[in-house]
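coords-v4.pdb follows; it contains PDB, C-alpha atoms and all ligand atoms.
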ATOM      1  CA  MET A   1       7.326   0.784 -19.532
ATOM      2  CA  ILE A   2       5.174  -1.739 -17.647
ATOM      3  CA  HIS A   3       7.102  -4.656 -19.093
ATOM      4  CA  LYS A   4      10.422  -3.154 -18.021
ATOM      5  CA  ILE A   5       9.117  -2.578 -14.506
ATOM      6  CA  GLU A   6       7.871  -6.162 -14.325
ATOM      7  CA  GLN A   7      11.245  -7.542 -15.366
ATOM      8  CA  LYS A   8      13.112  -5.567 -12.727
ATOM      9  CA  LEU A   9      10.516  -6.260 -10.050
ATOM     10  CA  LYS A  10      10.770  -9.991 -10.687
ATOM     11  CA  GLU A  11      14.417  -9.829  -9.666
ATOM     12  CA  MET A  12      13.594  -7.971  -6.461
ATOM     13  CA  LEU A  13      10.703 -10.046  -5.160
ATOM     14  CA  ASP A  14      10.129 -13.700  -4.426
ATOM     15  CA  GLU A  15       7.531 -15.441  -6.540
ATOM     16  CA  LYS A  16       4.684 -15.141  -4.060
ATOM     17  CA  ARG A  17       5.164 -11.398  -3.697
ATOM     18  CA  TYR A  18       5.572 -10.901  -7.405
ATOM     19  CA  ILE A  19       2.261 -12.698  -8.000
ATOM     20  CA  HIS A  20       0.687 -10.563  -5.270
ATOM     21  CA  SER A  21       1.892  -7.417  -7.051
ATOM     22  CA  LYS A  22       0.325  -8.591 -10.313
ATOM     23  CA  ASN A  23      -2.919  -9.337  -8.466
ATOM     24  CA  VAL A  24      -2.933  -5.888  -6.901
ATOM     25  CA  LEU A  25      -2.448  -4.465 -10.390
ATOM     26  CA  LYS A  26      -5.570  -6.315 -11.577
ATOM     27  CA  ALA A  27      -7.606  -5.162  -8.568
ATOM     28  CA  ALA A  28      -6.375  -1.579  -8.979
ATOM     29  CA  ILE A  29      -7.430  -1.513 -12.633
ATOM     30  CA  GLU A  30     -10.912  -2.727 -11.699
ATOM     31  CA  LEU A  31     -11.213  -0.089  -8.973
ATOM     32  CA  GLY A  32      -9.597   2.594 -11.106
ATOM     33  CA  LYS A  33     -12.173   2.154 -13.877
ATOM     34  CA  ASN A  34     -14.735   3.837 -11.648
ATOM     35  CA  PHE A  35     -12.633   6.984 -11.527
ATOM     36  CA  ASN A  36     -11.156   9.185 -14.167
ATOM     37  CA  PHE A  37      -7.521   8.240 -13.716
ATOM     38  CA  ASP A  38      -4.594   7.517 -15.924
ATOM     39  CA  LEU A  39      -4.667   3.710 -15.798
ATOM     40  CA  GLU A  40      -0.985   3.530 -16.702
ATOM     41  CA  LYS A  41      -0.129   5.382 -13.508
ATOM     42  CA  ILE A  42      -2.383   3.129 -11.469
ATOM     43  CA  LYS A  43      -0.675   0.084 -12.971
ATOM     44  CA  ILE A  44       2.788   1.370 -12.073
ATOM     45  CA  ALA A  45       1.842   2.227  -8.479
ATOM     46  CA  ALA A  46       0.118  -1.128  -7.981
ATOM     47  CA  LEU A  47       3.012  -3.102  -9.419
ATOM     48  CA  LEU A  48       5.587  -1.251  -7.339
ATOM     49  CA  HIS A  49       3.710  -0.866  -4.039
ATOM     50  CA  ASP A  50       5.587  -3.762  -2.424
ATOM     51  CA  CYS A  51       8.895  -3.400  -4.277
ATOM     52  CA  ALA A  52      10.745  -3.113  -0.935
ATOM     53  CA  LYS A  53       8.908  -6.028   0.656
ATOM     54  CA  ASN A  54      11.719  -8.521   0.258
ATOM     55  CA  LEU A  55      14.241  -6.388   2.111
ATOM     56  CA  ARG A  56      15.244  -7.557   5.573
ATOM     57  CA  ASP A  57      14.566  -5.324   8.582
ATOM     58  CA  ASP A  58      18.189  -4.142   8.754
ATOM     59  CA  GLU A  59      18.193  -3.372   5.030
ATOM     60  CA  LEU A  60      14.977  -1.378   5.361
ATOM     61  CA  LEU A  61      16.473   0.660   8.188
ATOM     62  CA  ILE A  62      19.694   1.301   6.267
ATOM     63  CA  LYS A  63      17.778   2.409   3.180
ATOM     64  CA  ALA A  64      15.470   4.570   5.289
ATOM     65  CA  TYR A  65      18.472   6.451   6.666
ATOM     66  CA  LYS A  66      20.007   6.643   3.208
ATOM     67  CA  TYR A  67      16.884   8.301   1.809
ATOM     68  CA  GLY A  68      16.466  10.609   4.797
ATOM     69  CA  ILE A  69      13.221   8.997   5.958
ATOM     70  CA  ILE A  70      12.595   9.935   9.569
ATOM     71  CA  VAL A  71      12.080   6.580  11.271
ATOM     72  CA  ASP A  72       9.525   6.899  14.060
ATOM     73  CA  GLU A  73       9.308   4.849  17.259
ATOM     74  CA  ILE A  74       6.796   2.378  15.851
ATOM     75  CA  GLN A  75       8.807   1.820  12.682
ATOM     76  CA  LYS A  76      11.916   1.248  14.766
ATOM     77  CA  ILE A  77      10.339  -1.748  16.470
ATOM     78  CA  GLN A  78       8.387  -2.812  13.381
ATOM     79  CA  PRO A  79      10.717  -2.071  10.477
ATOM     80  CA  PHE A  80       8.456  -3.911   7.996
ATOM     81  CA  LEU A  81       6.275  -0.772   8.147
ATOM     82  CA  LEU A  82       9.112   0.929   6.289
ATOM     83  CA  HIS A  83       8.560  -1.123   3.146
ATOM     84  CA  GLY A  84       6.054   1.543   2.053
ATOM     85  CA  PRO A  85       8.282   4.605   2.511
ATOM     86  CA  VAL A  86      11.427   2.805   1.289
ATOM     87  CA  GLY A  87       9.468   1.363  -1.656
ATOM     88  CA  ALA A  88       8.389   4.874  -2.629
ATOM     89  CA  TYR A  89      12.038   5.964  -2.809
ATOM     90  CA  LEU A  90      13.042   2.821  -4.695
ATOM     91  CA  SER A  91      10.327   3.517  -7.250
ATOM     92  CA  LYS A  92      11.820   6.963  -7.706
ATOM     93  CA  PHE A  93      15.520   6.203  -7.710
ATOM     94  CA  GLU A  94      15.736   2.559  -8.812
ATOM     95  CA  PHE A  95      12.834   2.518 -11.253
ATOM     96  CA  GLY A  96      13.077   6.170 -12.292
ATOM     97  CA  ILE A  97       9.394   6.929 -11.667
ATOM     98  CA  ASP A  98       9.140  10.591 -10.803
ATOM     99  CA  ASP A  99       5.473  11.046  -9.984
ATOM    100  CA  GLU A 100       3.978  12.399  -6.786
ATOM    101  CA  ASP A 101       0.780  10.309  -6.932
ATOM    102  CA  ILE A 102       2.720   7.083  -7.394
ATOM    103  CA  PHE A 103       5.254   8.046  -4.729
ATOM    104  CA  ASN A 104       2.582   8.799  -2.112
ATOM    105  CA  ALA A 105       0.431   5.802  -2.976
ATOM    106  CA  ILE A 106       3.400   3.506  -2.344
ATOM    107  CA  TYR A 107       4.597   5.462   0.682
ATOM    108  CA  TYR A 108       1.279   5.231   2.547
ATOM    109  CA  HIS A 109      -0.114   1.918   1.311
ATOM    110  CA  THR A 110       0.421   0.116   4.650
ATOM    111  CA  THR A 111      -0.578   2.737   7.205
ATOM    112  CA  GLY A 112      -2.912   4.931   5.252
ATOM    113  CA  ARG A 113      -2.985   8.608   6.283
ATOM    114  CA  LYS A 114      -5.479  11.387   6.619
ATOM    115  CA  ASP A 115      -6.262  13.403   3.490
ATOM    116  CA  MET A 116      -5.407  10.482   1.226
ATOM    117  CA  THR A 117      -6.071  11.159  -2.427
ATOM    118  CA  ILE A 118      -8.396   8.867  -4.348
ATOM    119  CA  PHE A 119      -5.358   7.611  -6.230
ATOM    120  CA  GLU A 120      -3.734   6.578  -2.928
ATOM    121  CA  GLU A 121      -7.002   5.035  -1.751
ATOM    122  CA  ILE A 122      -7.274   2.915  -4.877
ATOM    123  CA  ILE A 123      -3.850   1.392  -4.261
ATOM    124  CA  TYR A 124      -4.584   0.922  -0.558
ATOM    125  CA  LEU A 125      -7.843  -0.889  -1.253
ATOM    126  CA  ALA A 126      -6.496  -2.890  -4.192
ATOM    127  CA  ASP A 127      -3.772  -4.223  -1.900
ATOM    128  CA  PHE A 128      -6.475  -5.298   0.523
ATOM    129  CA  ILE A 129      -8.821  -7.027  -1.880
ATOM    130  CA  SER A 130      -6.327  -8.635  -4.269
ATOM    131  CA  ILE A 131      -7.292 -12.205  -5.074
ATOM    132  CA  ASP A 132      -4.452 -13.753  -3.054
ATOM    133  CA  ARG A 133      -5.846 -12.288   0.179
ATOM    134  CA  ASN A 134      -7.765 -14.725   2.337
ATOM    135  CA  PHE A 135      -8.194 -13.135   5.754
ATOM    136  CA  GLU A 136     -11.532 -13.263   7.520
ATOM    137  CA  GLY A 137     -13.980 -10.767   6.076
ATOM    138  CA  VAL A 138     -12.110 -10.209   2.812
ATOM    139  CA  GLU A 139     -15.076 -11.325   0.677
ATOM    140  CA  GLU A 140     -17.277  -8.698   2.242
ATOM    141  CA  ILE A 141     -14.704  -5.954   1.639
ATOM    142  CA  ARG A 142     -14.221  -7.154  -1.959
ATOM    143  CA  LYS A 143     -17.937  -6.834  -2.611
ATOM    144  CA  LYS A 144     -18.205  -3.497  -0.843
ATOM    145  CA  ALA A 145     -15.262  -2.062  -2.781
ATOM    146  CA  PHE A 146     -17.419  -1.865  -5.904
ATOM    147  CA  GLU A 147     -20.623  -0.813  -4.137
ATOM    148  CA  ASN A 148     -19.351   1.773  -1.690
ATOM    149  CA  PHE A 149     -15.674   2.633  -2.091
ATOM    150  CA  GLU A 150     -15.469   4.802   1.040
ATOM    151  CA  GLU A 151     -17.105   2.216   3.259
ATOM    152  CA  ALA A 152     -14.785  -0.474   1.924
ATOM    153  CA  LEU A 153     -11.836   1.704   2.926
ATOM    154  CA  LEU A 154     -13.156   2.035   6.451
ATOM    155  CA  MET A 155     -13.725  -1.728   6.628
ATOM    156  CA  SER A 156     -10.135  -2.297   5.474
ATOM    157  CA  CYS A 157      -8.769   0.125   8.033
ATOM    158  CA  ASN A 158     -10.851  -1.531  10.765
ATOM    159  CA  SER A 159      -9.590  -4.926   9.673
ATOM    160  CA  THR A 160      -5.967  -3.742   9.924
ATOM    161  CA  LEU A 161      -6.588  -2.323  13.386
ATOM    162  CA  THR A 162      -8.301  -5.517  14.555
ATOM    163  CA  TYR A 163      -5.334  -7.527  13.306
ATOM    164  CA  VAL A 164      -2.863  -5.251  15.086
ATOM    165  CA  ILE A 165      -4.855  -5.190  18.338
ATOM    166  CA  ASN A 166      -5.366  -8.959  18.406
ATOM    167  CA  ARG A 167      -1.621  -9.409  18.200
ATOM    168  CA  ASN A 168      -0.901  -6.742  20.798
ATOM    169  CA  LEU A 169       1.151  -4.776  18.315
ATOM    170  CA  PRO A 170       1.508  -1.003  18.488
ATOM    171  CA  ILE A 171      -0.794   0.967  16.222
ATOM    172  CA  HIS A 172       0.876   3.393  13.870
ATOM    173  CA  PRO A 173      -0.507   6.922  14.485
ATOM    174  CA  LEU A 174      -1.067   7.438  10.747
ATOM    175  CA  THR A 175      -3.568   4.561  10.767
ATOM    176  CA  ILE A 176      -5.542   6.186  13.584
ATOM    177  CA  GLU A 177      -5.542   9.499  11.741
ATOM    178  CA  PHE A 178      -6.602   7.691   8.577
ATOM    179  CA  ARG A 179      -9.557   6.071  10.341
ATOM    180  CA  ASN A 180     -10.717   9.263  12.063
ATOM    181  CA  TRP A 181     -10.519  11.110   8.779
ATOM    182  CA  LEU A 182     -12.518   8.399   6.983
ATOM    183  CA  LEU A 183     -15.190   8.539   9.676
ATOM    184  CA  MET A 184     -15.395  12.305   9.580
ATOM    185  CA  LYS A 185     -15.562  12.661   5.848
ATOM    186  CA  GLY A 186     -18.296  10.036   5.841
ATOM    187  CA  GLY A 187     -20.222  12.371   8.104
ATOM    188  CA  LYS A 188     -20.449   9.810  10.896
TER     189      LYS A 188
HETATM  190 FE    FE A 201       2.790  -3.763   1.418
HETATM  191 FE    FE A 202       0.855  -5.587  -0.881
END
Structure translated into structure tokens:
Amino acid sequence: MIHKIEQKLKEMLDEKRYIHSKNVLKAAIELGKNFNFDLEKIKIAALLHDCAKNLRDDELLIKAYKYGIIVDEIQKIQPFLLHGPVGAYLSKFEFGIDDEDIFNAIYYHTTGRKDMTIFEEIIYLADFISIDRNFEGVEEIRKKAFENFEEALLMSCNSTLTYVINRNLPIHPLTIEFRNWLLMKGGK
């Protein structure tokens, strides 16, 4: 199963993104060990999280309409945000993976969302701390991920928001909801 997915994914992604996907898989396994999850499922979600990443903006929009994804205002001006939702549908219809956890983990891996499951959180965080990441503060998040999973998620969300704000880009509402939810469940 995994081997087949890797073969197909290799044809869909450039080398850098393929390597990133493999790195996210490694990070997700490490994180997943701390929870009682089916590692095979974690591997599939991690491998496929960016399967739509090599699509151009116009292709993402076309596929979004094809799959009936409601494209919001922010996604219209930043179609790359659609690589999560479109990737989720590709995993279902191109890779034949019919699993709600995998679908949602891929769908929300860029924005996050409130009420994320731990499975979704693992993929979100693994994407952040994979070894190919080198943004400022990544080492701290990497360390925290294995000490305090929830706090590492909040740090990742903050880092995304800082990035978006520094570039004067619009913030996706799901990311705000994700952050508020993280803060509230942490009792802060
Ligand atoms: Fe992504
Ligand atoms: Fe990624």
I'd like the neighbourhood of Leu174 (chain A) as a list of chain:residue names, where a residue qualifies if any of its atoms comes within 8 Å (using only C-alpha atoms), though same-chain residues fewer than 2 positions away should be ignored.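 Those residues are A:Thr111, A:Gly112, A:Arg113, A:Lys114, A:His172, A:Ile176, A:Glu177, A:Phe178.
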Would you mind listing the residues within 9 Å of ligand FE 201 (chain A), counting only C-alpha atoms and all ligand atoms, as a list in words? His49, Asp50, Cys51, Ala52, Lys53, Phe80, Leu81, His83, Gly84, Gly87, Ile106, His109, Thr110, Tyr124 and Asp127 of chain A
Quick one: residues within 7 Å of region 28-35 of chain A, all atoms listed in the file, excluding same-chain residues fewer than 2 positions away - as a PyMOL selection string? chain A and resi 24-26+37+39+42-43+46+122-123+126
Saved selection, atoms kept: C-alpha atoms, as a tab-separated table (two decimals), in the frame of the given file:
chain	number	residue	atom	x	y	z
A	24	VAL	CA	-2.93	-5.89	-6.90
A	25	LEU	CA	-2.45	-4.46	-10.39
A	26	LYS	CA	-5.57	-6.32	-11.58
A	37	PHE	CA	-7.52	8.24	-13.72
A	39	LEU	CA	-4.67	3.71	-15.80
A	42	ILE	CA	-2.38	3.13	-11.47
A	43	LYS	CA	-0.68	0.08	-12.97
A	46	ALA	CA	0.12	-1.13	-7.98
A	122	ILE	CA	-7.27	2.92	-4.88
A	123	ILE	CA	-3.85	1.39	-4.26
A	126	ALA	CA	-6.50	-2.89	-4.19
Can you tell me, as an MDAnalysis selection string, which residues sit within 12 Å of (13.1, 4.2, 13.8) in the file's frame, using all atoms listed in the file? chainID A and resid 57:58 60:65 68:82
Since I can't run it myself right now, could you work out what the PyMOL selection byres (((chain A and resi 186) around 12) and not hetatm) selects here and report it as a count of residues only? 16
Here is a test: counting only C-alpha atoms and all ligand atoms, which residue of A:Phe146, A:Phe119, A:Tyr89, A:Tyr107 is nearest to ligand FE 202 (chain A)?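 So, comparing all the options, the nearest one is A:Tyr107.
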Once the PyMOL selection byres (((chain A and resi 128-133) around 7) and not hetatm) has been evaluated on this model, what residues remain selected, and can you format them as a CSV table (one decimal) with C-alpha atoms, in the coordinates of the input?
chain,number,residue,atom,x,y,z
A,20,HIS,CA,0.7,-10.6,-5.3
A,23,ASN,CA,-2.9,-9.3,-8.5
A,24,VAL,CA,-2.9,-5.9,-6.9
A,27,ALA,CA,-7.6,-5.2,-8.6
A,124,TYR,CA,-4.6,0.9,-0.6
A,125,LEU,CA,-7.8,-0.9,-1.3
A,126,ALA,CA,-6.5,-2.9,-4.2
A,127,ASP,CA,-3.8,-4.2,-1.9
A,134,ASN,CA,-7.8,-14.7,2.3
A,135,PHE,CA,-8.2,-13.1,5.8
A,138,VAL,CA,-12.1,-10.2,2.8
A,141,ILE,CA,-14.7,-6.0,1.6
A,142,ARG,CA,-14.2,-7.2,-2.0
A,156,SER,CA,-10.1,-2.3,5.5
Evaluate the PyMOL selection byres (((chain A and resi 92) around 12) and not hetatm) on the structure here and hand back the selected residues as a short mmCIF file (atom, residue, chain, number, x, y, z; two decimals) with C-alpha atoms, in the frame of the given file.
data_model
loop_
_atom_site.label_atom_id
_atom_site.label_comp_id
_atom_site.auth_asym_id
_atom_site.auth_seq_id
_atom_site.Cartn_x
_atom_site.Cartn_y
_atom_site.Cartn_z
CA ILE A 44 2.79 1.37 -12.07
CA ALA A 45 1.84 2.23 -8.48
CA LEU A 48 5.59 -1.25 -7.34
CA HIS A 49 3.71 -0.87 -4.04
CA CYS A 51 8.90 -3.40 -4.28
CA TYR A 67 16.88 8.30 1.81
CA PRO A 85 8.28 4.61 2.51
CA VAL A 86 11.43 2.80 1.29
CA GLY A 87 9.47 1.36 -1.66
CA ALA A 88 8.39 4.87 -2.63
CA TYR A 89 12.04 5.96 -2.81
CA LEU A 90 13.04 2.82 -4.70
CA SER A 91 10.33 3.52 -7.25
CA PHE A 93 15.52 6.20 -7.71
CA GLU A 94 15.74 2.56 -8.81
CA PHE A 95 12.83 2.52 -11.25
CA GLY A 96 13.08 6.17 -12.29
CA ILE A 97 9.39 6.93 -11.67
CA ASP A 98 9.14 10.59 -10.80
CA ASP A 99 5.47 11.05 -9.98
CA GLU A 100 3.98 12.40 -6.79
CA ASP A 101 0.78 10.31 -6.93
CA ILE A 102 2.72 7.08 -7.39
CA PHE A 103 5.25 8.05 -4.73
CA ASN A 104 2.58 8.80 -2.11
CA ILE A 106 3.40 3.51 -2.34
CA TYR A 107 4.60 5.46 0.68
#
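If you measure from each of A:Lys16, A:Lys66, A:Lys41, A:Lys4 to ligand FE 202 (chain A) using all atoms listed in the file, the closest one turns out to be A:Lys16.
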Between CA of Glu6 (chain A) and CA of Ser21 (chain A) - distance in Å to one decimal: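 Between CA of Ser21 (chain A) and CA of Glu6 (chain A) the gap is 9.5 Å.
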Residue nearest ligand FE 202 (chain A) among A:Arg56, A:Lys144, A:Arg17, A:Arg167 (counting only C-alpha atoms and all ligand atoms):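 Smallest separation from ligand FE 202 (chain A) among the options: A:Arg17.
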Between CA of Glu136 (chain A) and CA of Thr160 (chain A), what is the distance, to one decimal in Å?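 Between these atoms lies a distance of 11.3 Å.
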Given all atoms listed in the file as the counted atoms, nearest of A:Glu139, A:Asn158, A:Glu11, A:Leu47 to ligand FE 202 (chain A): A:Leu47
Hey, which of A:Ala105, A:Leu161, A:Met155, A:Ile118 ends up closest to ligand FE 202 (chain A)? Count all atoms listed in the file.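 Nearest candidate to ligand FE 202 (chain A) out of A:Ala105, A:Leu161, A:Met155, A:Ile118: A:Ala105.
Rounded to one decimal, CA of Glu121 (chain A) and CA of Leu55 (chain A) lie 24.4 Å from each other.
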Could you give me the axis-aligned bounding box of region 106-110 of chain A, with 6 Å of padding per side, as centre plus edge lengths in Å to one decimal, as JSON?
{"center_x": 2.2, "center_y": 2.8, "center_z": 1.2, "size_x": 16.7, "size_y": 17.3, "size_z": 19.0}
Counting all atoms listed in the file, which of A:Asn36, A:Asn54, A:Ser159, A:Asn168 gets nearest to ligand FE 202 (chain A)?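 So, comparing all the options, the nearest one is A:Asn54.
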Please output region 132-143 of chain A, rebuilt to include all heavy atoms, as a short mmCIF file (atom, residue, chain, number, x, y, z; two decimals), in the frame of the given file.
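Produced file selection04.cif, reproduced below:
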data_model
loop_
_atom_site.label_atom_id
_atom_site.label_comp_id
_atom_site.auth_asym_id
_atom_site.auth_seq_id
_atom_site.Cartn_x
_atom_site.Cartn_y
_atom_site.Cartn_z
N ASP A 132 -5.26 -12.87 -3.91
CA ASP A 132 -4.45 -13.75 -3.05
C ASP A 132 -4.72 -13.55 -1.56
O ASP A 132 -4.22 -14.29 -0.73
CB ASP A 132 -2.96 -13.55 -3.35
CG ASP A 132 -2.56 -12.10 -3.36
OD1 ASP A 132 -2.92 -11.38 -4.31
OD2 ASP A 132 -1.89 -11.66 -2.42
N ARG A 133 -5.52 -12.55 -1.23
CA ARG A 133 -5.85 -12.29 0.18
C ARG A 133 -6.93 -13.25 0.66
O ARG A 133 -7.94 -13.44 -0.03
CB ARG A 133 -6.37 -10.86 0.35
CG ARG A 133 -5.39 -9.79 -0.04
CD ARG A 133 -4.35 -9.63 1.03
NE ARG A 133 -3.65 -8.36 0.87
CZ ARG A 133 -2.51 -8.10 1.47
NH1 ARG A 133 -1.95 -8.99 2.24
NH2 ARG A 133 -1.93 -6.94 1.29
N ASN A 134 -6.73 -13.80 1.85
CA ASN A 134 -7.76 -14.72 2.34
C ASN A 134 -8.08 -14.56 3.83
O ASN A 134 -8.45 -15.52 4.49
CB ASN A 134 -7.39 -16.18 2.01
CG ASN A 134 -6.03 -16.55 2.59
OD1 ASN A 134 -5.47 -15.75 3.36
ND2 ASN A 134 -5.51 -17.70 2.27
N PHE A 135 -7.88 -13.36 4.34
CA PHE A 135 -8.19 -13.14 5.75
C PHE A 135 -9.72 -13.10 5.95
O PHE A 135 -10.48 -12.94 4.98
CB PHE A 135 -7.56 -11.84 6.25
CG PHE A 135 -8.00 -10.61 5.50
CD1 PHE A 135 -9.11 -9.89 5.92
CD2 PHE A 135 -7.29 -10.17 4.39
CE1 PHE A 135 -9.52 -8.76 5.23
CE2 PHE A 135 -7.71 -9.04 3.69
CZ PHE A 135 -8.82 -8.34 4.11
N GLU A 136 -10.11 -13.24 7.21
CA GLU A 136 -11.53 -13.26 7.52
C GLU A 136 -12.18 -11.93 7.16
O GLU A 136 -11.68 -10.86 7.52
CB GLU A 136 -11.71 -13.55 9.02
CG GLU A 136 -12.97 -14.34 9.31
CD GLU A 136 -13.25 -14.37 10.79
OE1 GLU A 136 -12.36 -14.83 11.53
OE2 GLU A 136 -14.34 -13.93 11.18
N GLY A 137 -13.25 -11.99 6.43
CA GLY A 137 -13.98 -10.77 6.08
C GLY A 137 -13.57 -10.18 4.73
O GLY A 137 -14.15 -9.19 4.29
N VAL A 138 -12.60 -10.79 4.07
CA VAL A 138 -12.11 -10.21 2.81
C VAL A 138 -13.19 -10.20 1.72
O VAL A 138 -13.28 -9.25 0.94
CB VAL A 138 -10.80 -10.90 2.31
CG1 VAL A 138 -11.02 -12.31 1.87
CG2 VAL A 138 -10.16 -10.08 1.20
N GLU A 139 -14.03 -11.25 1.70
CA GLU A 139 -15.08 -11.32 0.68
C GLU A 139 -16.03 -10.13 0.77
O GLU A 139 -16.43 -9.56 -0.25
CB GLU A 139 -15.87 -12.63 0.82
CG GLU A 139 -15.19 -13.86 0.20
CD GLU A 139 -14.82 -13.65 -1.27
OE1 GLU A 139 -15.54 -12.90 -1.98
OE2 GLU A 139 -13.80 -14.23 -1.71
N GLU A 140 -16.36 -9.81 2.00
CA GLU A 140 -17.28 -8.70 2.24
C GLU A 140 -16.66 -7.37 1.76
O GLU A 140 -17.34 -6.56 1.13
CB GLU A 140 -17.52 -8.64 3.75
CG GLU A 140 -18.95 -8.36 4.13
CD GLU A 140 -19.05 -8.19 5.64
OE1 GLU A 140 -18.40 -8.98 6.37
OE2 GLU A 140 -19.74 -7.25 6.06
N ILE A 141 -15.37 -7.20 2.06
CA ILE A 141 -14.70 -5.95 1.64
C ILE A 141 -14.60 -5.91 0.11
O ILE A 141 -14.81 -4.87 -0.51
CB ILE A 141 -13.31 -5.81 2.30
CG1 ILE A 141 -13.44 -5.81 3.82
CG2 ILE A 141 -12.61 -4.54 1.83
CD1 ILE A 141 -12.12 -5.76 4.59
N ARG A 142 -14.32 -7.06 -0.49
CA ARG A 142 -14.22 -7.15 -1.96
C ARG A 142 -15.51 -6.69 -2.62
O ARG A 142 -15.51 -5.94 -3.59
CB ARG A 142 -13.96 -8.61 -2.35
CG ARG A 142 -12.60 -8.82 -2.93
CD ARG A 142 -12.32 -10.26 -3.26
NE ARG A 142 -10.96 -10.56 -2.86
CZ ARG A 142 -10.58 -11.66 -2.24
NH1 ARG A 142 -11.45 -12.61 -1.95
NH2 ARG A 142 -9.32 -11.84 -1.93
N LYS A 143 -16.62 -7.17 -2.07
CA LYS A 143 -17.94 -6.83 -2.61
C LYS A 143 -18.20 -5.34 -2.41
O LYS A 143 -18.60 -4.64 -3.34
CB LYS A 143 -19.01 -7.66 -1.88
CG LYS A 143 -20.11 -8.13 -2.78
CD LYS A 143 -21.04 -9.09 -2.06
CE LYS A 143 -22.47 -8.67 -2.31
NZ LYS A 143 -23.24 -8.34 -1.15
#
